[in-house]
Every structure is written in structure tokens, then in C-alpha cells.
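> This is model.txt, which holds compact mmCIF, C-alpha atoms:
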```txt
# COMPACT_ATOMS: atom_id res chain seq x y z
CA MET M 1 30.58 22.55 272.33
CA MET M 2 30.99 19.52 270.09
CA ARG M 3 27.59 20.06 268.56
CA THR M 4 28.46 23.70 267.79
CA LEU M 5 31.75 22.67 266.19
CA LEU M 6 30.05 19.93 264.14
CA VAL M 7 27.49 22.40 262.77
CA ARG M 8 30.32 24.75 261.86
CA GLY M 9 32.20 21.89 260.21
CA LEU M 10 29.18 21.19 258.03
CA LEU M 11 28.86 24.89 257.25
CA ALA M 12 32.52 25.11 256.26
CA GLY M 13 32.01 21.94 254.21
CA LEU M 14 29.12 23.57 252.38
CA VAL M 15 31.24 26.62 251.53
CA ALA M 16 34.11 24.39 250.41
CA GLY M 17 31.76 22.24 248.32
CA VAL M 18 30.30 25.20 246.46
CA LEU M 19 33.75 26.69 245.72
CA ALA M 20 35.19 23.33 244.63
CA THR M 21 32.16 22.71 242.38
CA GLY M 22 32.69 26.08 240.74
CA PHE M 23 36.34 25.28 240.14
CA ALA M 24 35.57 21.79 238.85
CA TYR M 25 32.89 23.13 236.50
CA PHE M 26 35.20 25.63 234.81
CA PHE M 27 38.50 23.73 234.92
CA GLY M 28 37.54 20.06 235.13
CA GLU M 29 34.49 19.65 232.92
CA PRO M 30 36.23 20.55 229.62
CA SER M 31 38.62 17.60 229.96
CA VAL M 32 35.80 15.28 231.09
CA ASP M 33 33.90 16.24 227.94
CA ALA M 34 37.01 15.73 225.82
CA ALA M 35 37.58 12.30 227.34
CA ILE M 36 33.95 11.28 226.76
CA ALA M 37 34.23 12.37 223.14
CA ILE M 38 37.28 10.12 222.78
CA GLU M 39 35.45 7.28 224.53
CA GLU M 40 32.51 7.53 222.15
CA ALA M 41 34.61 7.89 219.03
CA GLY M 42 36.25 4.59 220.02
CA THR M 43 39.52 5.72 218.50
CA SER M 44 41.61 3.93 221.08
CA ALA M 45 42.68 0.32 220.81
CA HIS M 46 41.18 -0.30 224.21
CA SER M 47 37.77 -1.89 224.02
CA HIS M 48 35.24 -0.51 226.43
CA GLU M 49 33.07 -3.61 226.52
CA HIS M 50 30.49 -3.43 229.25
CA SER M 51 30.95 -6.82 230.82
CA GLU M 52 29.62 -6.12 234.27
CA PRO M 53 25.93 -6.04 235.04
CA ALA M 54 26.35 -2.86 237.06
CA ASP M 55 27.71 -1.28 233.92
CA ALA M 56 24.81 -2.29 231.74
CA GLY M 57 23.03 1.04 231.87
CA HIS M 58 26.21 2.99 231.67
CA SER M 59 26.54 5.28 228.75
CA HIS M 60 27.91 8.73 228.31
CA GLY M 61 26.08 9.26 225.05
CA ASP M 62 22.81 11.10 224.63
CA GLU M 63 21.14 7.95 223.34
CA GLU M 64 19.58 5.86 226.14
CA ALA M 65 21.43 7.91 228.76
CA VAL M 66 19.88 7.60 232.22
CA VAL M 67 21.20 11.00 233.24
CA SER M 68 21.99 13.58 230.57
CA ARG M 69 25.43 15.18 230.29
CA GLY M 70 23.88 18.53 231.08
CA THR M 71 22.62 17.19 234.41
CA GLN M 72 25.83 15.32 235.17
CA SER M 73 28.02 18.36 234.69
CA THR M 74 25.87 20.76 236.75
CA ILE M 75 23.44 19.46 239.37
CA GLY M 76 25.14 16.08 239.49
CA LEU M 77 28.57 17.63 239.93
CA LEU M 78 27.28 19.93 242.68
CA THR M 79 25.58 17.02 244.45
CA GLY M 80 28.64 14.79 244.27
CA VAL M 81 31.21 17.38 245.29
CA GLY M 82 28.85 19.05 247.78
CA ALA M 83 27.95 15.78 249.54
CA TYR M 84 31.63 14.82 249.70
CA ALA M 85 32.54 18.22 251.15
CA LEU M 86 29.74 18.05 253.75
CA ALA M 87 30.86 14.59 254.87
CA VAL M 88 34.51 15.66 255.00
CA GLY M 89 33.48 18.82 256.88
CA GLY M 90 31.74 16.75 259.56
CA LEU M 91 34.70 14.40 259.98
CA PHE M 92 37.02 17.41 259.95
CA ALA M 93 35.17 18.97 262.91
CA ILE M 94 35.50 15.72 264.90
CA ALA M 95 39.22 15.43 264.13
CA PHE M 96 39.72 19.08 265.04
CA ALA M 97 37.92 18.65 268.38
CA VAL M 98 40.17 15.71 269.27
CA LEU M 99 43.41 17.43 268.22
CA HIS M 100 42.81 20.97 269.49
CA GLY M 101 44.71 21.55 272.72
CA ARG M 102 46.07 17.99 272.67
CA VAL M 103 48.50 18.10 269.74
CA GLY M 104 50.36 21.38 269.91
CA ALA M 105 49.06 24.50 271.62
CA LEU M 106 48.16 26.50 268.54
CA ARG M 107 45.18 28.81 268.30
CA PRO M 108 42.08 27.34 266.59
CA ARG M 109 42.57 28.81 263.13
CA LEU M 110 46.16 27.53 262.97
CA THR M 111 45.20 24.05 264.10
CA SER M 112 42.42 24.09 261.50
CA ALA M 113 44.72 25.22 258.69
CA LEU M 114 47.36 22.61 259.58
CA LEU M 115 44.73 19.88 259.87
CA ALA M 116 43.35 20.79 256.44
CA ALA M 117 46.82 20.78 254.89
CA SER M 118 47.59 17.41 256.46
CA GLY M 119 44.18 16.05 255.46
CA PHE M 120 44.75 17.07 251.85
CA VAL M 121 48.18 15.42 251.78
CA VAL M 122 47.12 12.22 253.57
CA VAL M 123 43.67 11.63 252.04
CA VAL M 124 44.18 13.11 248.57
CA LEU M 125 47.73 13.91 247.47
CA VAL M 126 49.61 10.78 248.58
CA PRO M 127 46.93 8.37 247.25
CA PHE M 128 46.82 10.46 244.06
CA LEU M 129 50.58 10.06 243.52
CA LYS M 130 50.19 6.27 243.60
CA TYR M 131 46.73 5.85 242.02
CA PRO M 132 45.95 9.06 240.12
CA ALA M 133 42.47 10.13 239.06
CA ASN M 134 41.35 8.89 235.67
CA PRO M 135 39.00 10.55 233.19
CA PRO M 136 36.29 8.56 231.39
CA ALA M 137 37.75 6.20 228.73
CA VAL M 138 40.78 5.47 230.92
CA GLY M 139 40.55 2.23 232.87
CA GLN M 140 39.05 -1.10 231.83
CA SER M 141 35.60 -1.82 233.17
CA GLY M 142 36.61 -5.35 234.15
CA THR M 143 39.15 -4.13 236.69
CA ILE M 144 36.97 -1.59 238.53
CA GLY M 145 36.74 -3.92 241.54
CA ASP M 146 40.51 -4.29 241.86
CA ARG M 147 41.14 -0.60 241.23
CA THR M 148 38.57 0.44 243.85
CA ASN M 149 39.99 -2.00 246.43
CA LEU M 150 43.57 -0.88 245.86
CA TYR M 151 42.65 2.80 245.97
CA PHE M 152 40.72 2.58 249.24
CA ALA M 153 43.29 0.26 250.77
CA PHE M 154 45.97 2.84 250.04
CA VAL M 155 43.85 5.69 251.45
CA ALA M 156 43.17 3.64 254.59
CA LEU M 157 46.86 2.80 254.97
CA SER M 158 47.78 6.45 254.53
CA LEU M 159 45.28 7.48 257.23
CA ALA M 160 46.47 4.79 259.63
CA VAL M 161 50.16 5.66 259.18
CA ALA M 162 49.35 9.36 259.58
CA LEU M 163 47.47 8.71 262.84
CA ILE M 164 50.38 6.69 264.23
CA SER M 165 52.79 9.43 263.11
CA VAL M 166 50.76 12.08 264.96
CA GLY M 167 50.82 9.98 268.13
CA VAL M 168 54.54 9.26 267.87
CA GLY M 169 55.32 12.86 266.90
CA ASN M 170 53.35 14.18 269.85
CA ALA M 171 55.31 11.95 272.23
CA LEU M 172 58.64 12.90 270.60
CA ALA M 173 57.74 16.60 270.75
CA GLY M 174 57.67 16.33 274.53
CA ARG M 175 61.29 15.17 274.59
CA LEU M 176 62.91 16.77 271.53
CA GLY M 177 60.78 19.84 271.05
CA ALA M 178 57.88 20.44 268.66
CA TRP M 179 60.03 21.14 265.57
CA ARG M 180 62.21 18.04 265.73
CA GLY M 181 59.42 15.77 266.94
CA GLY M 182 57.12 16.95 264.17
CA LEU M 183 59.76 16.60 261.47
CA LEU M 184 60.70 13.08 262.60
CA ALA M 185 57.04 12.03 262.55
CA MET M 186 56.51 13.46 259.06
CA GLY M 187 59.68 11.83 257.83
CA GLY M 188 58.49 8.51 259.21
CA TYR M 189 55.16 8.89 257.42
CA VAL M 190 56.87 9.68 254.10
CA VAL M 191 59.26 6.71 254.35
CA VAL M 192 56.52 4.20 255.27
CA MET M 193 54.21 5.44 252.49
CA ALA M 194 57.01 5.44 249.92
CA VAL M 195 57.86 1.81 250.75
CA ALA M 196 54.16 0.84 250.66
CA ALA M 197 53.70 2.59 247.31
CA GLY M 198 56.71 0.74 245.95
CA LEU M 199 55.34 -2.62 247.06
CA MET M 200 51.70 -2.21 245.97
CA PRO M 201 50.65 -3.18 242.44
CA VAL M 202 50.89 -0.67 239.61
CA ILE M 203 47.75 0.30 237.71
CA ASP M 204 48.38 1.55 234.20
CA GLU M 205 45.33 1.31 231.99
CA VAL M 206 45.71 4.41 229.87
CA PRO M 207 44.72 3.22 226.39
CA ASP M 208 47.12 3.64 223.47
CA GLY M 209 46.54 6.88 221.64
CA PHE M 210 44.78 8.63 224.53
CA PRO M 211 46.03 12.24 224.33
CA GLY M 212 48.55 13.02 227.04
CA SER M 213 47.42 16.63 227.28
CA THR M 214 43.83 15.61 228.09
CA LEU M 215 45.08 13.23 230.77
CA TRP M 216 47.30 15.99 232.22
CA THR M 217 44.59 18.66 232.28
CA PHE M 218 42.10 16.23 233.79
CA ARG M 219 44.46 15.10 236.52
CA THR M 220 45.69 18.58 237.45
CA ALA M 221 42.08 19.84 237.48
CA SER M 222 41.11 16.92 239.71
CA LEU M 223 43.93 17.57 242.16
CA ALA M 224 43.26 21.31 242.15
CA THR M 225 39.54 20.73 242.81
CA GLN M 226 40.50 18.84 245.97
CA LEU M 227 43.02 21.56 246.86
CA VAL M 228 40.33 24.25 246.59
CA LEU M 229 38.00 22.11 248.70
CA TRP M 230 40.45 21.44 251.54
CA THR M 231 41.83 24.99 251.57
CA ALA M 232 38.37 26.52 251.78
CA LEU M 233 37.37 23.99 254.44
CA GLY M 234 40.41 24.63 256.63
CA LEU M 235 40.26 28.41 256.44
CA THR M 236 36.48 28.70 256.83
CA PHE M 237 36.32 26.24 259.71
CA GLY M 238 39.28 27.96 261.36
CA ALA M 239 37.53 31.33 261.29
CA LEU M 240 34.30 29.80 262.64
CA ALA M 241 36.04 27.77 265.36
CA GLU M 242 37.99 30.83 266.46
CA ARG M 243 34.71 32.53 267.39
CA VAL M 244 33.56 29.57 269.48
CA LEU M 245 36.80 28.76 271.27
CA ARG M 246 38.23 32.26 271.77
CA PRO M 247 35.23 34.47 272.41
CA GLY M 248 37.12 36.67 274.88
CA ALA M 249 40.30 36.90 272.86
CA ALA M 250 41.73 40.21 271.77
CA PRO M 251 39.71 41.51 268.81
CA ALA M 252 41.38 42.26 265.51
CA PRO M 253 42.88 45.77 265.19
CA ALA M 254 40.09 46.96 262.90
CA GLU M 255 37.41 45.77 265.31
CA ALA M 256 39.19 47.32 268.27
CA ALA M 257 39.46 50.65 266.43
CA ALA M 258 35.79 50.50 265.49
CA ALA M 259 34.84 49.76 269.08
CA ARG M 260 36.86 52.74 270.30
CA ALA M 261 35.33 55.00 267.67
CA GLY M 262 31.85 53.86 268.64
CA GLN M 263 32.27 54.76 272.30
CA MET U 1 61.40 43.60 289.49
CA SER U 2 62.02 39.88 289.35
CA GLN U 3 58.28 39.23 289.22
CA ALA U 4 57.94 40.63 285.70
CA SER U 5 59.51 37.58 284.08
CA VAL U 6 56.98 35.21 285.67
CA ALA U 7 53.98 36.95 284.17
CA THR U 8 54.04 35.26 280.73
CA PRO U 9 52.48 31.80 281.02
CA ARG U 10 52.55 29.43 278.04
CA PRO U 11 49.27 29.71 276.14
CA VAL U 12 47.02 26.75 276.86
CA GLN U 13 44.20 25.93 274.46
CA PRO U 14 40.95 24.59 275.90
CA ARG U 15 40.46 20.85 275.41
CA ILE U 16 37.09 19.41 274.53
CA PRO U 17 36.57 16.30 276.72
CA LEU U 18 36.76 13.04 274.74
CA ARG U 19 33.64 11.84 276.55
CA GLU U 20 31.74 14.72 274.96
CA ILE U 21 33.21 14.08 271.50
CA ALA U 22 32.60 10.31 271.37
CA PRO U 23 28.80 10.15 270.74
CA TRP U 24 29.00 12.89 268.11
CA ALA U 25 31.97 11.17 266.49
CA ILE U 26 30.01 7.94 266.11
CA PHE U 27 26.91 9.73 264.84
CA ALA U 28 28.77 11.92 262.34
CA GLY U 29 31.21 9.14 261.40
CA VAL U 30 28.49 6.68 260.37
CA LEU U 31 26.55 9.31 258.42
CA ALA U 32 29.67 10.64 256.71
CA LEU U 33 30.86 7.18 255.68
CA LEU U 34 27.41 6.43 254.22
CA VAL U 35 27.46 9.68 252.23
CA LEU U 36 31.03 9.04 251.08
CA PHE U 37 30.05 5.54 249.95
CA PHE U 38 27.24 6.92 247.80
CA VAL U 39 29.47 9.57 246.28
CA SER U 40 32.47 7.34 245.70
CA THR U 41 31.46 3.73 245.15
CA GLU U 42 27.73 2.88 244.88
CA ALA U 43 27.07 1.11 241.57
CA GLY U 44 30.72 1.41 240.64
CA ALA U 45 32.64 -1.51 242.08
CA VAL U 46 29.71 -2.72 244.19
CA GLU U 47 26.01 -1.95 244.26
CA LEU U 48 24.47 -2.35 247.69
CA PHE U 49 21.28 -0.38 247.43
CA GLY U 50 19.75 -1.43 244.11
CA THR U 51 19.95 2.04 242.67
CA ASN U 52 20.26 0.60 239.18
CA GLY U 53 23.28 2.73 238.38
CA LEU U 54 21.32 5.94 238.83
CA ILE U 55 23.52 7.24 241.67
CA HIS U 56 26.60 6.37 239.64
CA GLU U 57 25.30 8.30 236.65
CA PHE U 58 24.16 11.28 238.71
CA VAL U 59 27.40 11.86 240.64
CA HIS U 60 29.52 10.61 237.72
CA ASP U 61 31.49 13.81 237.07
CA GLY U 62 32.09 14.52 240.74
CA ARG U 63 33.33 10.98 241.25
CA HIS U 64 35.85 11.33 238.41
CA LEU U 65 37.03 14.78 239.45
CA LEU U 66 37.34 13.88 243.15
CA ALA U 67 39.79 11.18 242.00
CA PHE U 68 37.71 8.09 242.87
CA PRO U 69 37.85 5.08 240.55
CA CYS U 70 34.55 5.48 238.70
CA HIS U 71 34.20 2.73 236.10
```
Go ahead and express the file in the form of C-alpha cells.

Amino acid sequence: MMRTLLVRGLLAGLVAGVLATGFAYFFGEPSVDAAIAIEEAGTSAHSHEHSEPADAGHSHGDEEAVVSRGTQSTIGLLTGVGAYALAVGGLFAIAFAVLHGRVGALRPRLTSALLAASGFVVVVLVPFLKYPANPPAVGQSGTIGDRTNLYFAFVALSLAVALISVGVGNALAGRLGAWRGGLLAMGGYVVVMAVAAGLMPVIDEVPDGFPGSTLWTFRTASLATQLVLWTALGLTFGALAERVLRPGAAPAPAEAAAARAGQ
Amino acid sequence: MSQASVATPRPVQPRIPLREIAPWAIFAGVLALLVLFFVSTEAGAVELFGTNGLIHEFVHDGRHLLAFPCH
């Protein structure tokens, strides 16, 4: 059973990855290109000195570029987003298997949709509100270590608080009912994360003169790419899991009518 | 006709035993974290595999658009 669900998680991840790549290509790439043009023009006051050894071969320009822009924005984008979606799809299947039938008594496709919505909020949206995505040319190369640590620390904290909230909410639901228990748990998550976000350091490295509209389009495209990915994952996996876990369930009206007509 | 009201049990969803999930969770968890590391961080903040920045360059756009700190 678990193996079947895992395979379906990867399949749903693949579908989600392809859709999210398509979205990112049409809506995200223009602002990435615009940001790279700004980076290369060097118009901003911010100096993009490559101080770190890991950054030595880093260049967005065509000259001495290890990977061309054409590759980065097509095959590279598909590989990056696709691999991420596959990995998330696998983890999603595991989380679904643990939650299904234990937290709530919803049918598979509802559990899957709720898990995807929660996953998007906990893993993407809440971290994004504190440490938003940045296009090229935003962010000093010297602080990449700190920025990476803070970002992943916040994601990890968000996941941990969400897990505790699910446990507490599940226990409360037994006493107060599912609606109240669930709302209290979500409220607890929001309060804890708001306090944590208030206490953690601020990162603001947008260089002077960087166009606000480019930053806005990049960040909304980034968030929407993740939204496409998690939505597709939750709905696709839900449909696939429904077939495994409810094989004898009442067929959809159209199928039932077709079956009757065929007899 | 008092029996009619008893005939609607609360729907119960099948549970997958945790003992069955555990080995798959470890297997998939390790693989997924490795993949996520390559997509999100390799040759950005740290470089563990001596890829000379190639991975970073290749998944560069995805890393930016998936909201990871890239460089």
C-alpha cells in the first residue's frame, strides 16, 4: 500500500513539476531576465563583488558562462523545478499515509487537498512572508551563508510548529469538536510564527534604484509558481489516492450511467 | 422502525499501519532531502560535492523562482 502511494506521489509530483515549470517559464523568466540585465548593467549602487570562492565561476553573462541563459531558462528550469516537485511529491505521499484516517475522517481526495494547502502555507507562504524570494542582483554575495541559514531555520521552525499544532489540534478536536479544535490549532500556529518572525533578524538587501515593479513581478511569479505546484500536487495525488483507497466506493454519476448503459 | 436510525455509521477511513510506512519514509526521506539539497543549496551557501558551481548554474532559475536564497 505504501509503495503504491509513494509511486503515485512521485507521479503527482511529476505532473506538478511540469505545470509549475510551464508557469515559471512564461511568468517568471521575464523578470529573471530583467533582473539579470540590471545586474550586468551595474546601475545599482550595490557592488556585486564575487568574494566567495564558490562564486568565482558565477556569471549571468554570455561571456565565460558555464551554463548559457538559454539552458538555464529551459532545461535547467525544468530540472530544478521538476526535481523539487518529485522530492516534495514523495514526502507528500508519506505525510498523507500518516495523516489519512488518523487526523480527521475525510475521504482521500479531501485529505490530499487539505494537506497540499497546509503544505503550501507552512513550507512556502509563511517563510516567504518573512524571507521573500529574491531575483538575481538582489542580495549581497557575502551574506549568502547567513541568508540561507535564516531561511532554512525559519522553514524548519514553521514545519515543527505546524506538526505540534496538528497533534494538539487532533487532541482538542476529540474534546471540542473538529471545527473548534482545528481553529484553535491554526490560531496557535499563526501566533507562534508571528512572534518568531518578529524576533528573527530582518534581511533587506534590495539595492538602491532596483525597480520596484521588477521585484514585485518576480516575487508574485515565484509565489504563484509554488502555488501552481502545490495545487497540482494535491489535486492529482488526491485523485490517484482515491482509486487506491476507495476501490469499492460508489462510482461518479457519469461512470454509473455509462455502466448502466453498457449492460 | 427504531432500527432505521442506527443504520448510519460514521465513515471510517482505512489507516495504513505506521510499521508499514516507516521503512518507506526513511528511504524516501533521505532521497528527497538529497534532491532538495542539490536543487536549493549546493554551491550556493555550501558546496559539499565539488560540483564547481555547475549544479548552481544549471538549476539557477529554478532556485530563484522556488524562493530559495541563490547567491
> Show me, as a CSV table (one decimal) with C-alpha atoms, in the frame of the given file, the residues that have an atom within 6 Å of region 219-236 of chain M when counting only C-alpha atoms, minus same-chain residues fewer than 3 positions from it.

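selection38.csv, written as the output of this step:
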```
chain,number,residue,atom,x,y,z
M,12,ALA,CA,32.5,25.1,256.3
M,13,GLY,CA,32.0,21.9,254.2
M,16,ALA,CA,34.1,24.4,250.4
M,20,ALA,CA,35.2,23.3,244.6
M,24,ALA,CA,35.6,21.8,238.8
M,27,PHE,CA,38.5,23.7,234.9
M,28,GLY,CA,37.5,20.1,235.1
M,112,SER,CA,42.4,24.1,261.5
M,113,ALA,CA,44.7,25.2,258.7
M,116,ALA,CA,43.4,20.8,256.4
M,133,ALA,CA,42.5,10.1,239.1
M,216,TRP,CA,47.3,16.0,232.2
M,239,ALA,CA,37.5,31.3,261.3
U,65,LEU,CA,37.0,14.8,239.4
U,66,LEU,CA,37.3,13.9,243.2
```
> Taking 3 positions as the minimum chain separation for residues in the same chain, which residues sit within 10 Å of Ala25 (chain U) when counting all atoms listed in the file? Answer as an MDAnalysis selection string.
(chainID M and resid 2 6 90:91 93:95 97:98) or (chainID U and resid 18 20:22 28:31)
> Give the answer as one residue: which of M:Ile75, M:Ile38, M:Val138, M:Ala85 has the shortest atom-to-atom distance to His64 (chain U), using all atoms listed in the file?
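Checking each of M:Ile75, M:Ile38, M:Val138, M:Ala85 against His64 (chain U), counting all atoms listed in the file, the winner is M:Val138.
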> Identify every residue of chain M that has at least one atom within 7 Å of any atom of chain U, counting all atoms listed in the file, and report the result as an NGL selection string.
:M and (2 or 28 or 54 or 57 or 66-67 or 72-73 or 76-77 or 79-81 or 83-84 or 87 or 90-91 or 94 or 97-98 or 100-102 or 105 or 107 or 132-135 or 141 or 144-145 or 147-148 or 222 or 226)
> Within 12 Å of (47.7, 11.0, 259.5) (file coordinates; only C-alpha atoms), which protein or nucleic acid residues are there? I'd like them as number ranges by chain.
M: 95, 99, 114-124, 126, 155-169, 185-186, 188-190, 192-193
> What is the CA of Val18 (chain M) to CA of Leu245 (chain M) distance in Å?
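Interatomic distance here is 25.9 Å.
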> For CA of Tyr151 (chain M) and CA of Tyr131 (chain M), determine how far apart the two atoms are, in Å to one decimal place.
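A separation of 6.4 Å between them.
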> So which residues fall inside 7 Å of (41.3, 29.7, 263.7) if we count only C-alpha atoms? Mind giving them as number ranges by chain?
M: 107-112, 238-239, 241-242
> Generate the output file for the selected residues, C-alpha atoms, as a PDB file, keeping the file's coordinate frame.

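Output saved as result17.pdb:
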```pdb
ATOM      1  CA  ARG M 107      45.180  28.810 268.300  1.00  0.00           C
ATOM      2  CA  PRO M 108      42.080  27.340 266.590  1.00  0.00           C
ATOM      3  CA  ARG M 109      42.570  28.810 263.130  1.00  0.00           C
ATOM      4  CA  LEU M 110      46.160  27.530 262.970  1.00  0.00           C
ATOM      5  CA  THR M 111      45.200  24.050 264.100  1.00  0.00           C
ATOM      6  CA  SER M 112      42.420  24.090 261.500  1.00  0.00           C
ATOM      7  CA  GLY M 238      39.280  27.960 261.360  1.00  0.00           C
ATOM      8  CA  ALA M 239      37.530  31.330 261.290  1.00  0.00           C
ATOM      9  CA  ALA M 241      36.040  27.770 265.360  1.00  0.00           C
ATOM     10  CA  GLU M 242      37.990  30.830 266.460  1.00  0.00           C
TER      11      GLU M 242
END
```
> Take every atom of region 35-47 of chain U listed in the file, pad by 8 Å on each side, and give me the axis-aligned box centre and edge lengths in Å, one decimal, as JSON.

```
{"center_x": 29.3, "center_y": 3.5, "center_z": 246.4, "size_x": 22.6, "size_y": 28.4, "size_z": 27.6}
```
> For the atom pair CA of Thr214 (chain M) and CA of Glu29 (chain M), what is the interatomic distance in Å to one decimal place?
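These two atoms are separated by 11.3 Å.
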> Export region 5-41 of chain M, C-alpha atoms, as a PDB file, in the first residue's frame; it's the structure right above.

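After the write, out.pdb holds the following:
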```pdb
ATOM      1  CA  LEU M   5       1.040   5.571  -2.640  1.00  0.00           C
ATOM      2  CA  LEU M   6       4.702   6.590  -2.925  1.00  0.00           C
ATOM      3  CA  VAL M   7       4.737   5.845  -6.658  1.00  0.00           C
ATOM      4  CA  ARG M   8       1.571   7.891  -7.048  1.00  0.00           C
ATOM      5  CA  GLY M   9       3.130  10.709  -5.029  1.00  0.00           C
ATOM      6  CA  LEU M  10       6.059  10.786  -7.430  1.00  0.00           C
ATOM      7  CA  LEU M  11       3.675  10.696 -10.379  1.00  0.00           C
ATOM      8  CA  ALA M  12       1.670  13.604  -8.978  1.00  0.00           C
ATOM      9  CA  GLY M  13       4.970  15.394  -8.318  1.00  0.00           C
ATOM     10  CA  LEU M  14       5.957  14.929 -11.949  1.00  0.00           C
ATOM     11  CA  VAL M  15       2.666  16.420 -13.151  1.00  0.00           C
ATOM     12  CA  ALA M  16       3.013  19.307 -10.700  1.00  0.00           C
ATOM     13  CA  GLY M  17       6.625  19.902 -11.744  1.00  0.00           C
ATOM     14  CA  VAL M  18       5.787  20.115 -15.432  1.00  0.00           C
ATOM     15  CA  LEU M  19       2.864  22.515 -14.837  1.00  0.00           C
ATOM     16  CA  ALA M  20       4.885  24.699 -12.453  1.00  0.00           C
ATOM     17  CA  THR M  21       7.782  24.811 -14.941  1.00  0.00           C
ATOM     18  CA  GLY M  22       5.410  25.961 -17.651  1.00  0.00           C
ATOM     19  CA  PHE M  23       4.068  28.687 -15.408  1.00  0.00           C
ATOM     20  CA  ALA M  24       7.539  29.753 -14.287  1.00  0.00           C
ATOM     21  CA  TYR M  25       8.778  29.874 -17.882  1.00  0.00           C
ATOM     22  CA  PHE M  26       6.036  32.224 -19.066  1.00  0.00           C
ATOM     23  CA  PHE M  27       5.519  34.338 -15.942  1.00  0.00           C
ATOM     24  CA  GLY M  28       8.789  34.123 -14.030  1.00  0.00           C
ATOM     25  CA  GLU M  29      11.530  34.160 -16.648  1.00  0.00           C
ATOM     26  CA  PRO M  30      10.811  37.685 -17.968  1.00  0.00           C
ATOM     27  CA  SER M  31      11.549  39.229 -14.569  1.00  0.00           C
ATOM     28  CA  VAL M  32      14.612  36.997 -14.081  1.00  0.00           C
ATOM     29  CA  ASP M  33      15.926  38.265 -17.419  1.00  0.00           C
ATOM     30  CA  ALA M  34      15.124  41.855 -16.452  1.00  0.00           C
ATOM     31  CA  ALA M  35      16.943  41.451 -13.144  1.00  0.00           C
ATOM     32  CA  ILE M  36      19.996  39.930 -14.837  1.00  0.00           C
ATOM     33  CA  ALA M  37      20.082  42.837 -17.280  1.00  0.00           C
ATOM     34  CA  ILE M  38      20.115  45.221 -14.318  1.00  0.00           C
ATOM     35  CA  GLU M  39      22.816  43.153 -12.617  1.00  0.00           C
ATOM     36  CA  GLU M  40      25.037  43.292 -15.677  1.00  0.00           C
ATOM     37  CA  ALA M  41      24.460  46.960 -16.368  1.00  0.00           C
TER      38      ALA M  41
END
```
